Amino acid sequence: MAEGLTDIPERGGHGGRHVPVLLKEAIDFLAIKRGGTYIDATVGLGGHSLEIAKRLGAPGHLIGLDKDPAALEIARERLVVNVTSKDWPRVELIHGSFADLANDPRPRTNDGILADLGVSSLQLNDPARGFSFQAEGPLDMRMNPQSEPTAEKVVNQLDEVALADLIYEFGDERRSRRIARAIVRSRPIRTTAELAEIISAAARPMNQAERRIHPATKTFQALRIYVNSELKDLQSMLNAAPQLLKRGGRLVIISFHSLEDRIVKDSLREGVTQGHYKILTKKPVTAGEEEVNQNPRSRSAKLRAAEKV
């Protein structure tokens, strides 16, 4: 799952240059129709949405969702405030989870849905958000700062068995029981650096494969997934997608670890069985050598796509 990673995967860079992962491939598979209606279910900093909007033109409608209000404001600057083109779609940005699409009152009106899963650089690079073990920060990890619980509450309040199960299930961490025991014995834990140090002491790498990643990588991933209900929300969106798409509409999902990819793969296969989809990607599409060199975190990205039939 997390092999070869030194930290949590991100959707792209932030700062002077935003680098959306698998941008060309995502746009190609969406097969954007001018004047259509498209949903970017994880709008983030607006990188993929910007390319979608350019192709939609003034008759089009772009709907963007994100849990993170800070990311949504940056996307708003890029997609609404600073736009000077007259040939620009109507852009609707919504603060919320892509799981909310299950309650969308406008069924079968969309030409495409894109979801780029994982952590954005805005979240990962800000120590105050608590996503990374590579910088001192509070144990937060919430994509939506108004939601509950924080990672601090999970780490300090969950019993040892439940904590070990969480780390194993969402982190694929075989040393989960040892890590959970060390966490419980070290409570209270307040910062990312404290937690990373405790995990590192409890889960020292035993072989070369384990030395390739930081010992805290999988535990931090597990906590982040749990805090943000990522897999539950993903399943909700995938369940809703067939009812949200027009015939011929495209669903494109970019995942960053095996738990997400397995859910996407199984959902698309089930959609084929139920007569909803034809799958466009026999195998997941991955980043090429040039993209990986420019954005190393793209190496873990996998894109799967399907068309509504």
# chains A, B, ... in the order shown; residues from 1 in each chain; ligands from 1
>>> closest_atom_pairs(of="segment 249-285 of chain A", to="segment 224-237 of chain A", cutoff="10 Å", atoms="only C-alpha atoms", output="JSON lines")
{"residue": "A:Ile253", "atom": "CA", "partner": "A:Leu234", "partner_atom": "CA", "distance": 10.0}
{"residue": "A:Leu259", "atom": "CA", "partner": "A:Leu231", "partner_atom": "CA", "distance": 7.9}
{"residue": "A:Glu260", "atom": "CA", "partner": "A:Leu231", "partner_atom": "CA", "distance": 6.7}
{"residue": "A:Ile263", "atom": "CA", "partner": "A:Gln235", "partner_atom": "CA", "distance": 7.1}
{"residue": "A:Val264", "atom": "CA", "partner": "A:Gln235", "partner_atom": "CA", "distance": 8.1}
{"residue": "A:Ser267", "atom": "CA", "partner": "A:Gln235", "partner_atom": "CA", "distance": 8.0}
>>> residues_around(residues="Ile32 of chain A", least_positions_apart="2", cutoff="8 Å", atoms="only C-alpha atoms", output="PDB file with N, CA, C and O atoms, in the first residue's frame")
ATOM      1  N   ILE A  27      -8.418  14.135 -18.129  1.00  0.00           N
ATOM      2  CA  ILE A  27      -9.178  14.934 -19.097  1.00  0.00           C
ATOM      3  C   ILE A  27      -9.547  14.092 -20.316  1.00  0.00           C
ATOM      4  O   ILE A  27     -10.676  14.160 -20.820  1.00  0.00           O
ATOM      5  N   ASP A  28      -8.607  13.269 -20.778  1.00  0.00           N
ATOM      6  CA  ASP A  28      -8.879  12.417 -21.944  1.00  0.00           C
ATOM      7  C   ASP A  28     -10.019  11.444 -21.657  1.00  0.00           C
ATOM      8  O   ASP A  28     -10.914  11.253 -22.484  1.00  0.00           O
ATOM      9  N   LEU A  30     -12.386  11.711 -19.417  1.00  0.00           N
ATOM     10  CA  LEU A  30     -13.671  12.403 -19.223  1.00  0.00           C
ATOM     11  C   LEU A  30     -14.342  12.718 -20.554  1.00  0.00           C
ATOM     12  O   LEU A  30     -15.568  12.845 -20.623  1.00  0.00           O
ATOM     13  N   ARG A  34     -18.395  20.120 -24.874  1.00  0.00           N
ATOM     14  CA  ARG A  34     -18.652  21.552 -24.713  1.00  0.00           C
ATOM     15  C   ARG A  34     -20.120  21.767 -24.337  1.00  0.00           C
ATOM     16  O   ARG A  34     -21.036  21.210 -24.954  1.00  0.00           O
ATOM     17  N   GLY A  36     -21.433  20.825 -21.541  1.00  0.00           N
ATOM     18  CA  GLY A  36     -21.908  19.765 -20.658  1.00  0.00           C
ATOM     19  C   GLY A  36     -21.890  20.170 -19.189  1.00  0.00           C
ATOM     20  O   GLY A  36     -21.548  21.298 -18.828  1.00  0.00           O
ATOM     21  N   ILE A  52     -11.007  21.324 -17.077  1.00  0.00           N
ATOM     22  CA  ILE A  52     -12.381  20.980 -17.449  1.00  0.00           C
ATOM     23  C   ILE A  52     -13.124  22.237 -17.909  1.00  0.00           C
ATOM     24  O   ILE A  52     -13.794  22.249 -18.947  1.00  0.00           O
ATOM     25  N   ARG A  55     -12.548  23.607 -21.383  1.00  0.00           N
ATOM     26  CA  ARG A  55     -13.149  22.837 -22.472  1.00  0.00           C
ATOM     27  C   ARG A  55     -14.677  22.928 -22.496  1.00  0.00           C
ATOM     28  O   ARG A  55     -15.295  22.666 -23.519  1.00  0.00           O
ATOM     29  N   LEU A  56     -15.262  23.291 -21.363  1.00  0.00           N
ATOM     30  CA  LEU A  56     -16.721  23.380 -21.296  1.00  0.00           C
ATOM     31  C   LEU A  56     -17.268  24.595 -22.029  1.00  0.00           C
ATOM     32  O   LEU A  56     -18.300  24.527 -22.689  1.00  0.00           O
ATOM     33  N   ASP A 111     -22.585  14.839 -17.293  1.00  0.00           N
ATOM     34  CA  ASP A 111     -21.814  14.202 -18.367  1.00  0.00           C
ATOM     35  C   ASP A 111     -20.538  13.547 -17.862  1.00  0.00           C
ATOM     36  O   ASP A 111     -19.930  12.756 -18.580  1.00  0.00           O
ATOM     37  N   GLY A 112     -20.133  13.883 -16.644  1.00  0.00           N
ATOM     38  CA  GLY A 112     -18.912  13.286 -16.118  1.00  0.00           C
ATOM     39  C   GLY A 112     -18.704  13.617 -14.650  1.00  0.00           C
ATOM     40  O   GLY A 112     -19.148  14.653 -14.165  1.00  0.00           O
TER      41      GLY A 112
END
>>> residues_around(residues="Asp172 of chain A", least_positions_apart="3", cutoff="10 Å", atoms="only C-alpha atoms", output="list in words")
Met1, Ala2, Asp165, Leu166, Ile167, Tyr168, Glu169, Arg175, Ser176, Lys218, Thr219, Gln221, Ala222, Ser258 and Leu259 of chain A
>>> closest_residue(among="A:Ile74, A:Ala53, A:Ala241, A:Ala180", to="Tyr38 of chain A", atoms="only C-alpha atoms")
A:Ala53
>>> atom_distance(atom1="atom CA of Phe29 of chain A", atom2="atom CA of Leu65 of chain A")
19.9 Å
>>> closest_residue(among="A:Asp126, A:Glu148, A:Asp159, A:Glu77", to="Gly47 of chain A", atoms="only C-alpha atoms")
A:Glu77
>>> select_by_dssp(residues="segment 99-221 of chain A", states="strand (DSSP E or B)", output="list in words")
Asn110, Asp111, Gly112, Ile113, Leu114, Ala115, Asp116, Val119, Pro138 and Thr191 of chain A
>>> write_last_selection(atoms="C-alpha atoms", output="tab-separated table (two decimals), in the first residue's frame")
chain	number	residue	atom	x	y	z
A	110	ASN	CA	-24.19	14.95	-15.52
A	111	ASP	CA	-21.81	14.20	-18.37
A	112	GLY	CA	-18.91	13.29	-16.12
A	113	ILE	CA	-17.66	12.89	-12.57
A	114	LEU	CA	-14.01	13.16	-11.54
A	115	ALA	CA	-12.64	12.29	-8.09
A	116	ASP	CA	-8.96	12.76	-7.27
A	119	VAL	CA	-4.42	14.55	0.61
A	138	PRO	CA	-1.13	19.34	16.43
A	191	THR	CA	1.64	16.43	18.49
>>> residues_around(residues="Glu73 of chain A", least_positions_apart="4", cutoff="10 Å", atoms="only C-alpha atoms", output="PyMOL selection string")
chain A and resi 44-46+68-69+77-81+93+95
>>> residues_around(residues="Asp104 of chain A", least_positions_apart="5", cutoff="10 Å", atoms="only C-alpha atoms", output="ChimeraX atom specification")
/A:99,240,243-244
>>> residues_around(residues="segment 280-297 of chain A", least_positions_apart="4", cutoff="7 Å", atoms="only C-alpha atoms", output="list in words")
Pro9, Glu10, Leu22, Ala301, Lys302, Leu303, Arg304, Ala305, Ala306 and Glu307 of chain A
>>> closest_residue(among="A:Ile189, A:Phe133, A:Asp140, A:Gly248", to="Ala216 of chain A", atoms="only C-alpha atoms")
A:Phe133
>>> select_by_dssp(residues="segment 63-162 of chain A", states="helix (DSSP H, G or I)", output="NGL selection string")
:A and (69-81 or 98-103 or 121-124 or 127-129 or 151-157 or 160-162)
>>> closest_residue(among="A:Ala128, A:Ile213, A:Leu223, A:Ala70", to="Leu195 of chain A", atoms="only C-alpha atoms")
A:Leu223
>>> closest_residue(among="A:Pro188, A:Gly57, A:Gly118, A:Pro20", to="Thr37 of chain A", atoms="only C-alpha atoms")
A:Gly57
>>> closest_residue(among="A:Leu163, A:Ala193, A:Ala71, A:Ile179", to="Phe131 of chain A", atoms="only C-alpha atoms")
A:Ala193
